[in-house]
file structure.csv (CSV, C-alpha atoms)
chain,number,residue,atom,x,y,z
A,27,MET,CA,0.0,0.0,0.0
A,28,SER,CA,1.3,3.5,-0.8
A,29,GLU,CA,2.6,5.7,2.0
A,30,ARG,CA,-0.1,8.3,1.1
A,31,ARG,CA,-2.9,5.8,1.4
A,32,ASP,CA,-1.4,4.6,4.6
A,33,ILE,CA,-1.4,8.1,6.0
A,34,GLU,CA,-5.0,8.7,4.8
A,35,GLU,CA,-6.1,5.6,6.7
A,36,LEU,CA,-4.4,7.0,9.9
A,37,LEU,CA,-6.1,10.4,9.6
A,38,PRO,CA,-9.3,9.5,11.5
A,39,ALA,CA,-7.4,8.1,14.4
A,40,TYR,CA,-5.1,11.2,14.3
A,41,ILE,CA,-8.1,13.5,14.4
A,42,ASN,CA,-9.7,11.7,17.3
A,43,GLY,CA,-6.5,11.7,19.3
A,44,THR,CA,-6.1,7.9,19.5
A,45,LEU,CA,-3.0,7.5,17.4
A,46,ASP,CA,0.3,6.5,19.2
A,47,ALA,CA,3.1,9.2,19.3
A,48,GLU,CA,5.2,7.6,16.6
A,49,ARG,CA,2.4,7.3,14.0
A,50,ALA,CA,1.1,10.8,15.0
A,51,ARG,CA,4.5,12.3,14.1
A,52,ARG,CA,4.4,10.5,10.7
A,53,VAL,CA,1.0,12.0,10.0
A,54,GLU,CA,2.1,15.5,11.0
A,55,ALA,CA,5.2,15.3,8.8
A,56,ALA,CA,3.0,14.2,5.9
A,57,LEU,CA,0.4,16.9,6.4
A,58,ARG,CA,3.2,19.5,6.3
A,59,GLU,CA,4.5,18.2,3.0
A,60,ASP,CA,1.3,17.3,1.1
A,61,PRO,CA,-1.4,20.0,0.7
A,62,GLY,CA,-3.9,17.3,-0.6
A,63,LEU,CA,-3.5,15.4,2.6
A,64,ALA,CA,-3.9,18.6,4.6
A,65,GLU,CA,-7.2,19.2,2.8
A,66,GLU,CA,-8.3,15.6,3.7
A,67,HIS,CA,-7.5,16.4,7.3
A,68,ARG,CA,-9.6,19.6,7.2
A,69,PHE,CA,-12.5,17.6,5.7
A,70,LEU,CA,-12.4,14.9,8.4
A,71,ALA,CA,-12.1,17.4,11.2
A,72,ALA,CA,-15.1,19.3,9.8
A,73,LEU,CA,-17.0,15.9,9.6
A,74,ARG,CA,-16.2,15.1,13.2
A,75,ASP,CA,-17.4,18.6,14.3
A,76,GLU,CA,-20.6,18.4,12.3
A,77,LEU,CA,-21.4,14.9,13.7
A,78,ARG,CA,-20.9,16.0,17.3
A,79,GLN,CA,-22.9,19.2,16.9
A,80,ASP,CA,-26.0,17.4,15.9
A,81,PRO,CA,-28.1,17.0,19.1
A,82,GLY,CA,-30.0,14.0,17.7
A,83,ASP,CA,-33.6,13.0,18.7
A,84,ALA,CA,-33.0,10.7,21.7
A,85,PRO,CA,-36.3,9.9,23.5
A,86,GLY,CA,-35.3,11.4,26.9
A,87,GLU,CA,-37.9,11.4,29.6
A,88,MET,CA,-40.5,9.5,27.4
A,89,GLY,CA,-38.0,6.8,26.9
A,90,TRP,CA,-37.4,6.6,30.6
A,91,GLN,CA,-41.2,6.2,31.3
A,92,ARG,CA,-41.4,3.5,28.7
A,93,LEU,CA,-38.5,1.7,30.3
A,94,ARG,CA,-40.1,1.9,33.7
A,95,ARG,CA,-43.4,0.5,32.4
A,96,GLY,CA,-41.4,-2.4,30.9
A,97,ILE,CA,-39.7,-3.1,34.3
A,98,GLU,CA,-43.0,-2.9,36.1
A,99,ARG,CA,-44.6,-5.4,33.6
A,100,GLU,CA,-41.7,-7.8,34.3
A,101,ARG,CA,-42.1,-7.5,38.0
A,102,THR,CA,-45.9,-8.2,37.7
A,103,ALA,CA,-45.3,-11.2,35.5
A,104,ALA,CA,-42.7,-12.5,37.9
A,105,ALA,CA,-45.2,-12.2,40.7
A,106,VAL,CA,-47.8,-14.4,39.0
A,107,PRO,CA,-47.7,-18.1,40.0
A,108,ARG,CA,-46.0,-20.1,37.3
A,109,ARG,CA,-49.0,-22.4,36.6
A,110,ASP,CA,-51.2,-19.3,36.0
A,111,ARG,CA,-48.7,-17.8,33.5
A,112,PHE,CA,-49.9,-20.0,30.7
A,113,ARG,CA,-53.6,-19.8,31.4
A,114,ARG,CA,-53.7,-16.0,31.2
A,115,PRO,CA,-52.1,-15.6,27.8
A,116,VAL,CA,-54.2,-18.5,26.4
A,117,ALA,CA,-57.4,-17.0,27.9
A,118,ILE,CA,-56.5,-13.6,26.4
A,119,ALA,CA,-55.7,-15.2,23.0
A,120,ALA,CA,-59.1,-17.0,23.2
A,121,ALA,CA,-60.9,-13.8,23.9
A,122,VAL,CA,-59.1,-12.0,21.1
A,123,VAL,CA,-60.0,-14.7,18.6
A,124,ILE,CA,-63.7,-14.7,19.7
A,125,MET,CA,-63.8,-11.0,19.0
A,126,VAL,CA,-62.1,-11.5,15.7
A,127,GLN,CA,-64.5,-14.3,14.7
A,128,ALA,CA,-67.4,-12.0,15.7
A,129,ALA,CA,-66.0,-9.2,13.6
A,130,LEU,CA,-65.4,-11.4,10.6
A,131,LEU,CA,-68.9,-12.9,10.9
A,132,TRP,CA,-70.4,-9.5,11.1
A,133,ARG,CA,-68.7,-8.3,8.0
A,134,ALA,CA,-69.8,-11.4,6.1
A,135,TYR,CA,-73.3,-11.2,7.3
A,136,ASP,CA,-75.8,-10.4,4.5
A,137,PRO,CA,-79.3,-11.3,5.6
A,138,ALA,CA,-80.5,-11.0,2.0
A,139,GLY,CA,-77.8,-13.2,0.4
A,140,PRO,CA,-76.8,-16.8,0.4
A,141,ALA,CA,-73.2,-16.1,1.4
A,142,TYR,CA,-73.7,-16.2,5.1
A,143,GLU,CA,-72.6,-19.4,6.8
A,144,PRO,CA,-72.1,-19.8,10.5
A,145,LEU,CA,-68.9,-21.4,11.7
A,146,GLU,CA,-69.4,-24.9,12.6
A,147,ALA,CA,-67.2,-27.0,14.8
A,148,GLY,CA,-65.6,-29.9,13.0
A,149,ARG,CA,-65.3,-28.5,9.5
A,150,ALA,CA,-62.2,-29.5,7.7
A,151,GLY,CA,-59.2,-27.2,8.2
A,152,GLN,CA,-56.1,-26.8,6.1
A,153,ILE,CA,-53.7,-25.0,8.4
A,154,GLN,CA,-53.2,-25.2,12.2
A,155,VAL,CA,-51.9,-22.1,14.0
A,156,ARG,CA,-51.2,-20.9,17.5
A,157,PHE,CA,-51.3,-17.1,18.0
A,158,GLU,CA,-48.8,-15.1,20.1
A,159,PRO,CA,-50.4,-14.2,23.4
A,160,ARG,CA,-49.6,-10.5,22.8
A,161,ALA,CA,-51.1,-10.5,19.3
A,162,THR,CA,-53.9,-8.0,19.1
A,163,ALA,CA,-57.4,-8.6,17.6
A,164,GLU,CA,-56.5,-6.1,14.8
A,165,GLN,CA,-53.3,-7.9,13.9
A,166,ILE,CA,-55.0,-11.3,13.8
A,167,GLY,CA,-58.0,-10.0,11.9
A,168,ALA,CA,-55.7,-8.3,9.3
A,169,LEU,CA,-53.5,-11.3,9.0
A,170,LEU,CA,-56.5,-13.6,8.3
A,171,ALA,CA,-58.1,-11.2,5.9
A,172,ASP,CA,-54.8,-10.7,4.0
A,173,SER,CA,-54.3,-14.4,3.6
A,174,ASP,CA,-58.0,-15.2,2.7
A,175,LEU,CA,-58.2,-17.5,5.7
A,176,GLU,CA,-60.9,-18.0,8.3
A,177,ILE,CA,-61.1,-19.9,11.6
A,178,VAL,CA,-63.0,-23.1,11.5
A,179,SER,CA,-62.4,-24.3,15.0
A,180,GLY,CA,-60.4,-23.6,18.2
A,181,PRO,CA,-58.8,-22.9,20.4
A,182,GLY,CA,-58.1,-26.4,21.5
A,183,ALA,CA,-56.5,-27.3,24.9
A,184,SER,CA,-53.1,-26.2,23.7
A,185,GLY,CA,-54.3,-23.0,22.1
A,186,VAL,CA,-54.4,-24.3,18.5
A,187,TYR,CA,-56.8,-23.0,15.9
A,188,ARG,CA,-57.7,-24.6,12.6
A,189,LEU,CA,-57.9,-22.3,9.6
A,190,ARG,CA,-59.1,-22.8,6.1
A,191,PHE,CA,-59.1,-20.7,2.9
A,192,THR,CA,-62.2,-18.7,2.1
A,193,THR,CA,-61.5,-19.3,-1.6
A,194,ASP,CA,-60.2,-22.4,-3.5
A,195,ALA,CA,-56.6,-23.1,-2.6
A,196,ASP,CA,-54.3,-25.8,-4.1
A,197,ASP,CA,-51.3,-27.3,-2.4
A,198,ALA,CA,-49.0,-24.6,-3.6
A,199,ALA,CA,-51.3,-21.9,-2.2
A,200,ILE,CA,-51.5,-23.6,1.2
A,201,GLU,CA,-47.7,-24.0,1.4
A,202,ALA,CA,-47.2,-20.3,0.5
A,203,ALA,CA,-49.7,-19.3,3.1
A,204,VAL,CA,-48.0,-21.4,5.8
A,205,GLU,CA,-44.7,-19.7,4.9
A,206,ARG,CA,-46.3,-16.2,5.0
A,207,LEU,CA,-47.8,-16.9,8.4
A,208,ALA,CA,-44.5,-18.3,9.7
A,209,GLU,CA,-42.8,-15.0,8.8
A,210,ARG,CA,-45.3,-13.0,11.0
A,211,ASP,CA,-43.8,-14.2,14.2
A,212,ALA,CA,-45.1,-11.2,16.1
A,213,VAL,CA,-48.6,-12.6,15.6
A,214,VAL,CA,-48.1,-16.3,14.9
A,215,ALA,CA,-46.4,-18.5,17.5
A,216,HIS,CA,-46.7,-21.8,15.5
A,217,VAL,CA,-48.1,-22.8,12.1
A,218,ALA,CA,-48.4,-26.1,10.2
A,219,ARG,CA,-50.4,-27.7,7.5
A,220,GLU,CA,-53.0,-30.2,8.4
B,9,MET,CA,-20.7,12.7,49.7
B,10,VAL,CA,-21.1,10.4,46.8
B,11,THR,CA,-24.3,11.0,44.9
B,12,GLU,CA,-25.6,9.4,41.8
B,13,ALA,CA,-24.3,12.3,39.7
B,14,THR,CA,-20.8,11.7,40.9
B,15,GLU,CA,-20.8,8.0,40.9
B,16,SER,CA,-18.6,6.3,38.3
B,17,ASP,CA,-20.3,4.2,35.6
B,18,HIS,CA,-18.9,1.1,37.2
B,19,GLU,CA,-20.5,1.9,40.5
B,20,LEU,CA,-23.8,2.6,38.9
B,21,VAL,CA,-23.8,-0.7,37.1
B,22,THR,CA,-23.0,-2.5,40.3
B,23,ARG,CA,-26.0,-0.9,42.0
B,24,ILE,CA,-28.2,-1.7,38.9
B,25,GLY,CA,-27.1,-5.3,39.4
B,26,ASP,CA,-28.5,-5.1,42.9
B,27,GLY,CA,-31.9,-3.9,41.5
B,28,ASP,CA,-31.5,-0.2,42.3
B,29,GLU,CA,-33.9,1.6,40.0
B,30,ALA,CA,-32.5,5.1,41.0
B,31,ALA,CA,-29.1,3.9,39.7
B,32,LEU,CA,-30.8,2.8,36.5
B,33,ARG,CA,-32.4,6.2,36.1
B,34,CYS,CA,-29.1,7.9,36.4
B,35,PHE,CA,-27.5,5.5,34.0
B,36,TYR,CA,-30.3,6.0,31.5
B,37,GLU,CA,-29.8,9.8,31.7
B,38,ARG,CA,-26.1,9.4,31.1
B,39,TYR,CA,-26.2,7.0,28.2
B,40,GLN,CA,-29.6,7.3,26.5
B,41,ALA,CA,-28.5,10.0,24.0
B,42,ARG,CA,-25.2,8.3,23.2
B,43,VAL,CA,-26.7,4.8,22.7
B,44,TYR,CA,-29.6,6.3,20.7
B,45,ARG,CA,-27.1,8.1,18.4
B,46,TYR,CA,-25.2,4.9,17.8
B,47,LEU,CA,-28.4,2.9,17.1
B,48,GLU,CA,-29.6,5.6,14.7
B,49,SER,CA,-26.3,5.4,12.9
B,50,ARG,CA,-26.6,1.7,12.6
B,51,LEU,CA,-30.3,1.2,11.9
B,52,ASN,CA,-30.9,4.4,9.9
B,53,ASP,CA,-34.4,4.6,11.5
B,54,PRO,CA,-35.2,6.8,14.5
B,55,PHE,CA,-38.3,4.7,15.5
B,56,ALA,CA,-36.3,1.5,15.4
B,57,ALA,CA,-33.5,3.2,17.3
B,58,THR,CA,-35.9,4.2,20.0
B,59,ASP,CA,-37.3,0.6,20.3
B,60,VAL,CA,-33.9,-0.9,20.4
B,61,LEU,CA,-32.7,1.6,23.0
B,62,ASN,CA,-35.4,0.4,25.3
B,63,GLU,CA,-34.3,-3.2,24.7
B,64,VAL,CA,-30.7,-2.2,25.5
B,65,MET,CA,-31.7,-0.6,28.8
B,66,LEU,CA,-33.9,-3.5,29.8
B,67,GLU,CA,-31.0,-5.8,29.1
B,68,ILE,CA,-28.7,-3.7,31.3
B,69,TRP,CA,-31.4,-3.8,34.0
B,70,ARG,CA,-31.8,-7.6,33.8
B,71,HIS,CA,-28.1,-8.5,33.5
B,72,GLY,CA,-26.1,-5.6,35.0
B,73,VAL,CA,-24.9,-8.1,37.6
B,74,ARG,CA,-23.0,-9.9,34.8
B,75,PHE,CA,-20.7,-6.9,34.0
B,76,ALA,CA,-17.3,-8.2,34.9
B,77,GLY,CA,-15.5,-4.9,34.8
B,78,ARG,CA,-12.9,-6.1,32.2
B,79,SER,CA,-13.8,-3.4,29.8
B,80,LYS,CA,-15.0,0.2,30.0
B,81,VAL,CA,-18.7,0.4,30.8
B,82,SER,CA,-19.2,2.5,27.6
B,83,THR,CA,-17.6,-0.3,25.5
B,84,TRP,CA,-19.9,-2.9,27.2
B,85,VAL,CA,-23.0,-0.8,26.6
B,86,LEU,CA,-22.1,-0.2,23.0
B,87,GLY,CA,-21.5,-4.0,22.6
B,88,ILE,CA,-25.0,-4.7,23.9
B,89,ALA,CA,-26.4,-2.0,21.6
B,90,ARG,CA,-24.6,-3.6,18.6
B,91,HIS,CA,-26.0,-7.1,19.3
B,92,LYS,CA,-29.5,-5.7,19.8
B,93,ALA,CA,-29.3,-3.8,16.6
B,94,ILE,CA,-28.2,-6.9,14.7
B,95,ASP,CA,-31.1,-8.9,16.3
B,96,HIS,CA,-33.5,-6.2,15.2
B,97,MET,CA,-32.2,-6.1,11.6
B,98,ARG,CA,-32.4,-9.9,11.5
B,99,ARG,CA,-36.1,-9.8,12.6
B,100,GLU,CA,-36.7,-7.2,9.9
B,101,GLY,CA,-34.8,-9.3,7.4
B,102,ARG,CA,-32.3,-6.6,6.8
B,103,HIS,CA,-29.1,-8.0,8.0
B,104,ARG,CA,-27.2,-9.4,5.0
B,105,GLY,CA,-23.7,-9.8,6.4
B,106,GLU,CA,-21.0,-7.2,6.5
B,107,THR,CA,-18.7,-7.7,3.6
B,108,PHE,CA,-20.5,-6.5,0.5
B,109,ASP,CA,-19.1,-3.0,0.7
B,110,GLU,CA,-15.4,-4.1,0.7
B,111,ALA,CA,-15.6,-5.2,-2.9
B,112,MET,CA,-16.9,-1.8,-4.1
B,113,PRO,CA,-14.3,-0.1,-6.3
B,114,ASP,CA,-13.5,3.6,-5.6
B,115,GLU,CA,-14.2,6.0,-8.4
B,116,ASP,CA,-11.9,9.0,-9.0
B,117,SER,CA,-10.9,10.8,-5.9
B,118,PRO,CA,-13.6,13.4,-5.0
B,119,SER,CA,-12.6,16.9,-3.9
B,120,ALA,CA,-12.3,17.4,-0.1
B,121,SER,CA,-12.9,21.2,-0.4
B,122,ASP,CA,-16.2,20.6,-2.3
B,123,ALA,CA,-17.2,18.1,0.5
B,124,ILE,CA,-16.4,20.7,3.2
B,125,ALA,CA,-18.7,23.1,1.5
B,126,GLY,CA,-21.4,20.4,1.3
B,127,LEU,CA,-21.1,19.9,5.1
B,128,GLN,CA,-22.3,23.5,5.6
B,129,GLU,CA,-25.6,22.7,3.9
B,130,ALA,CA,-28.3,21.9,6.5
B,131,GLY,CA,-29.3,18.2,6.6
B,132,ARG,CA,-26.8,17.3,3.8
B,133,LEU,CA,-24.6,15.2,6.0
B,134,LYS,CA,-27.5,13.2,7.4
B,135,ARG,CA,-28.8,12.4,3.9
B,136,CYS,CA,-25.3,11.3,2.8
B,137,LEU,CA,-24.8,9.2,5.9
B,138,ALA,CA,-28.1,7.5,5.1
B,139,LYS,CA,-26.6,6.3,1.8
B,140,LEU,CA,-23.7,4.5,3.4
B,141,SER,CA,-23.9,0.8,4.2
B,142,GLU,CA,-24.8,0.0,7.8
B,143,VAL,CA,-21.2,-1.1,8.6
B,144,GLN,CA,-19.7,2.1,7.1
B,145,ARG,CA,-22.1,4.2,9.1
B,146,GLU,CA,-21.1,2.3,12.2
B,147,VAL,CA,-17.4,2.8,11.8
B,148,VAL,CA,-17.9,6.5,11.0
B,149,HIS,CA,-20.0,7.0,14.1
B,150,LEU,CA,-17.6,5.0,16.4
B,151,ALA,CA,-14.5,6.8,15.0
B,152,PHE,CA,-15.8,10.4,14.7
B,153,PHE,CA,-18.6,10.7,17.2
B,154,GLU,CA,-17.5,8.2,19.9
B,155,GLY,CA,-13.8,8.9,19.2
B,156,LEU,CA,-12.8,5.3,19.6
B,157,SER,CA,-9.4,4.0,18.5
B,158,TYR,CA,-9.1,1.4,15.7
B,159,PRO,CA,-8.4,-1.5,18.1
B,160,GLU,CA,-11.5,-0.5,20.1
B,161,ILE,CA,-13.7,-0.3,17.0
B,162,ALA,CA,-12.3,-3.6,15.8
B,163,SER,CA,-13.1,-5.3,19.1
B,164,LEU,CA,-16.6,-3.9,19.1
B,165,ALA,CA,-17.4,-4.6,15.5
B,166,GLY,CA,-15.8,-8.1,15.7
B,167,CYS,CA,-13.5,-7.5,12.7
B,168,PRO,CA,-9.7,-7.0,12.1
B,169,GLU,CA,-8.3,-3.5,12.5
B,170,GLY,CA,-7.4,-3.5,8.8
B,171,THR,CA,-11.0,-4.0,8.0
B,172,VAL,CA,-11.9,-1.0,10.2
B,173,LYS,CA,-9.4,1.2,8.3
B,174,THR,CA,-10.7,0.0,4.9
B,175,ARG,CA,-14.3,0.7,5.9
B,176,ILE,CA,-13.5,4.2,7.1
B,177,PHE,CA,-11.6,4.9,4.0
B,178,HIS,CA,-14.4,3.8,1.7
B,179,ALA,CA,-17.0,5.6,3.9
B,180,LYS,CA,-15.0,8.8,3.7
B,181,GLN,CA,-14.7,8.5,-0.1
B,182,ALA,CA,-18.4,7.9,-0.4
B,183,LEU,CA,-19.2,10.8,1.9
B,184,LYS,CA,-16.9,13.1,-0.1
B,185,ARG,CA,-18.6,12.2,-3.3
B,186,CYS,CA,-22.1,12.7,-1.9
B,187,LEU,CA,-21.3,15.9,0.0
B,188,GLY,CA,-19.4,17.4,-3.0
B,189,HIS,CA,-22.0,16.5,-5.5
B,190,ARG,CA,-23.8,19.4,-7.0
B,191,SER,CA,-27.1,18.7,-8.9
call {"tool": "encode", "arguments": {"input": "structure.csv", "output": "structure tokens"}}
result
Amino acid sequence: MSERRDIEELLPAYINGTLDAERARRVEAALREDPGLAEEHRFLAALRDELRQDPGDAPGEMGWQRLRRGIERERTAAAVPRRDRFRRPVAIAAAVVIMVQAALLWRAYDPAGPAYEPLEAGRAGQIQVRFEPRATAEQIGALLADSDLEIVSGPGASGVYRLRFTTDADDAAIEAAVERLAERDAVVAHVARE
Amino acid sequence: MVTEATESDHELVTRIGDGDEAALRCFYERYQARVYRYLESRLNDPFAATDVLNEVMLEIWRHGVRFAGRSKVSTWVLGIARHKAIDHMRREGRHRGETFDEAMPDEDSPSASDAIAGLQEAGRLKRCLAKLSEVQREVVHLAFFEGLSYPEIASLAGCPEGTVKTRIFHAKQALKRCLGHRS
């Protein structure tokens, strides 16, 4: 590597004062002799000054309040007896899905038309899924609507729901849907084909 | 009298490890802006930077007791921030490894004086930084904002010192081109 390139690579460390004495002297000698290098030095010093002047948009007090809420949630969760920790998220997920089912049924309801069909337990599903306990009704509803899926039964004892397509779907479509659902790991805890 | 304001970083972390929330508050006030700036440089997204900052502080709260004192507290904190940033990018499907930029050839050498003029334009530097690769933004931030030495940057970034120098060199050339460009 050329001496000039070597010196150029040392300039940032020289500017932030972290270069050892011997290499600092080399840089200083080069800066005296090479106006181009001196100009590089001026640019990097200006870059450092500009970076440090920018105050940024750190969250400050709001970030602290958010942190405190997170700590409090962890304290509360730690105080819940272990056996109850599973029941509560499953109960919440069950309540969320009941609300989602109701919303989907309401949207599909057309008293004048033949399209309305009540959900029946035991209809064939194509995909099995468990939702994340923290998934919201909005997230689940949007996910199902985007994927042309509906719930046919669930939750079972382990929190599993059975889904099926609202339109015709071949094997490839089912596989693609399973992959898409698996990518949404903020909403879907587990997904598999039936 | 030792107050939280005068306590060293190491003393604060020890108290955080004991579950002292007042110590965490002091620590947060000391480090939140600095960690946020690093995360913003790495993630190029202020909302993501805020989310990951929260994760970093929670991690320190949960595992402050694990700080062994072998490094500076600032280095330890930035290391946690780096891992959390990478985790975030993986979840978002954005982390594609850190070597693609090394193969990029440099074009002709852009003018430093034009680039200095470009620095004076409001917002220009931020826009040009956004165009760098995430690893280039990281080394620029650690070298010029944090003022870390090459060995420190190399240790934090998990790469050889030569790679740090090369990344800074390419980042500098890219910034000069962007800042000096006149449309």
call {"tool": "closest_residue", "arguments": {"input": "structure.csv", "among": "B:Ser121, B:Ser163, B:Thr14, B:Thr174", "to": "Leu187 (chain B)", "atoms": "only C-alpha atoms"}}
result
B:Ser121
call {"tool": "atom_distance", "arguments": {"input": "structure.csv", "atom1": "CA of Asp53 (chain B)", "atom2": "CA of Thr171 (chain B)"}}
result
25.2 Å
call {"tool": "atom_distance", "arguments": {"input": "structure.csv", "atom1": "CA of Ala41 (chain B)", "atom2": "CA of Arg135 (chain B)"}}
result
20.2 Å
call {"tool": "closest_atom_pairs", "arguments": {"input": "structure.csv", "of": "chain B", "to": "chain A", "cutoff": "7 Å", "atoms": "all atoms listed in the file", "output": "tab-separated table"}}
result
residue	atom	partner	partner_atom	distance
B:Gln40	CA	A:Ala84	CA	6.8
B:Ala41	CA	A:Ala84	CA	5.1
B:Tyr44	CA	A:Ala84	CA	5.6
B:Arg45	CA	A:Gly82	CA	6.6
B:Thr58	CA	A:Pro85	CA	6.7
B:Asn62	CA	A:Leu93	CA	6.0
B:Leu66	CA	A:Leu93	CA	7.0
B:Ala120	CA	A:Glu66	CA	5.8
B:Ser121	CA	A:Glu65	CA	6.8
B:Ile124	CA	A:Phe69	CA	5.6
B:Ala151	CA	A:Pro38	CA	6.8
B:Phe152	CA	A:Arg74	CA	4.9
B:Phe153	CA	A:Arg78	CA	5.8
B:Gly155	CA	A:Asn42	CA	5.3
B:Ser157	CA	A:Thr44	CA	5.2
B:Lys173	CA	A:Glu35	CA	5.7
B:Phe177	CA	A:Glu35	CA	6.2
call {"tool": "atom_distance", "arguments": {"input": "structure.csv", "atom1": "CA of Arg50 (chain B)", "atom2": "CA of Val143 (chain B)"}}
result
7.3 Å
call {"tool": "residues_around", "arguments": {"input": "structure.csv", "residues": "Cys136 (chain B)", "least_positions_apart": "6", "cutoff": "12 Å", "atoms": "only C-alpha atoms", "output": "PyMOL selection string"}}
result
(chain A and resi 73) or (chain B and resi 49+52+123+126-127+129-130+144-145+179-189)
call {"tool": "build_atoms", "arguments": {"input": "structure.csv", "residues": "region 153-164 of chain A", "atoms": "N, CA, C and O atoms", "output": "mmCIF file, in the frame of the given file"}}
result
data_model
loop_
_atom_site.group_PDB
_atom_site.id
_atom_site.type_symbol
_atom_site.label_atom_id
_atom_site.label_comp_id
_atom_site.auth_asym_id
_atom_site.auth_seq_id
_atom_site.Cartn_x
_atom_site.Cartn_y
_atom_site.Cartn_z
ATOM 1 N N ILE A 153 -54.921 -25.508 7.747
ATOM 2 C CA ILE A 153 -53.700 -25.000 8.400
ATOM 3 C C ILE A 153 -54.056 -24.957 9.928
ATOM 4 O O ILE A 153 -55.176 -24.598 10.315
ATOM 5 N N GLN A 154 -53.042 -25.303 10.745
ATOM 6 C CA GLN A 154 -53.200 -25.200 12.200
ATOM 7 C C GLN A 154 -52.277 -24.032 12.647
ATOM 8 O O GLN A 154 -51.149 -23.913 12.174
ATOM 9 N N VAL A 155 -52.744 -23.246 13.591
ATOM 10 C CA VAL A 155 -51.900 -22.100 14.000
ATOM 11 C C VAL A 155 -52.179 -21.875 15.526
ATOM 12 O O VAL A 155 -53.260 -22.165 16.045
ATOM 13 N N ARG A 156 -51.098 -21.411 16.193
ATOM 14 C CA ARG A 156 -51.200 -20.900 17.500
ATOM 15 C C ARG A 156 -50.798 -19.412 17.466
ATOM 16 O O ARG A 156 -49.755 -19.098 16.884
ATOM 17 N N PHE A 157 -51.599 -18.509 18.029
ATOM 18 C CA PHE A 157 -51.300 -17.100 18.000
ATOM 19 C C PHE A 157 -50.414 -16.713 19.198
ATOM 20 O O PHE A 157 -50.509 -17.323 20.263
ATOM 21 N N GLU A 158 -49.589 -15.696 18.990
ATOM 22 C CA GLU A 158 -48.800 -15.100 20.100
ATOM 23 C C GLU A 158 -49.758 -14.536 21.129
ATOM 24 O O GLU A 158 -50.723 -13.864 20.746
ATOM 25 N N PRO A 159 -49.493 -14.766 22.421
ATOM 26 C CA PRO A 159 -50.400 -14.200 23.400
ATOM 27 C C PRO A 159 -50.575 -12.686 23.346
ATOM 28 O O PRO A 159 -51.626 -12.164 23.675
ATOM 29 N N ARG A 160 -49.541 -12.007 22.880
ATOM 30 C CA ARG A 160 -49.600 -10.500 22.800
ATOM 31 C C ARG A 160 -50.205 -10.020 21.505
ATOM 32 O O ARG A 160 -50.305 -8.809 21.317
ATOM 33 N N ALA A 161 -50.549 -10.917 20.595
ATOM 34 C CA ALA A 161 -51.100 -10.500 19.300
ATOM 35 C C ALA A 161 -52.452 -9.784 19.580
ATOM 36 O O ALA A 161 -53.260 -10.251 20.388
ATOM 37 N N THR A 162 -52.696 -8.681 18.877
ATOM 38 C CA THR A 162 -53.900 -8.000 19.100
ATOM 39 C C THR A 162 -55.010 -8.487 18.120
ATOM 40 O O THR A 162 -54.703 -9.131 17.107
ATOM 41 N N ALA A 163 -56.261 -8.162 18.439
ATOM 42 C CA ALA A 163 -57.400 -8.600 17.600
ATOM 43 C C ALA A 163 -57.188 -8.002 16.182
ATOM 44 O O ALA A 163 -57.437 -8.656 15.167
ATOM 45 N N GLU A 164 -56.712 -6.748 16.146
ATOM 46 C CA GLU A 164 -56.500 -6.100 14.800
ATOM 47 C C GLU A 164 -55.478 -6.832 14.012
ATOM 48 O O GLU A 164 -55.652 -7.056 12.819
#
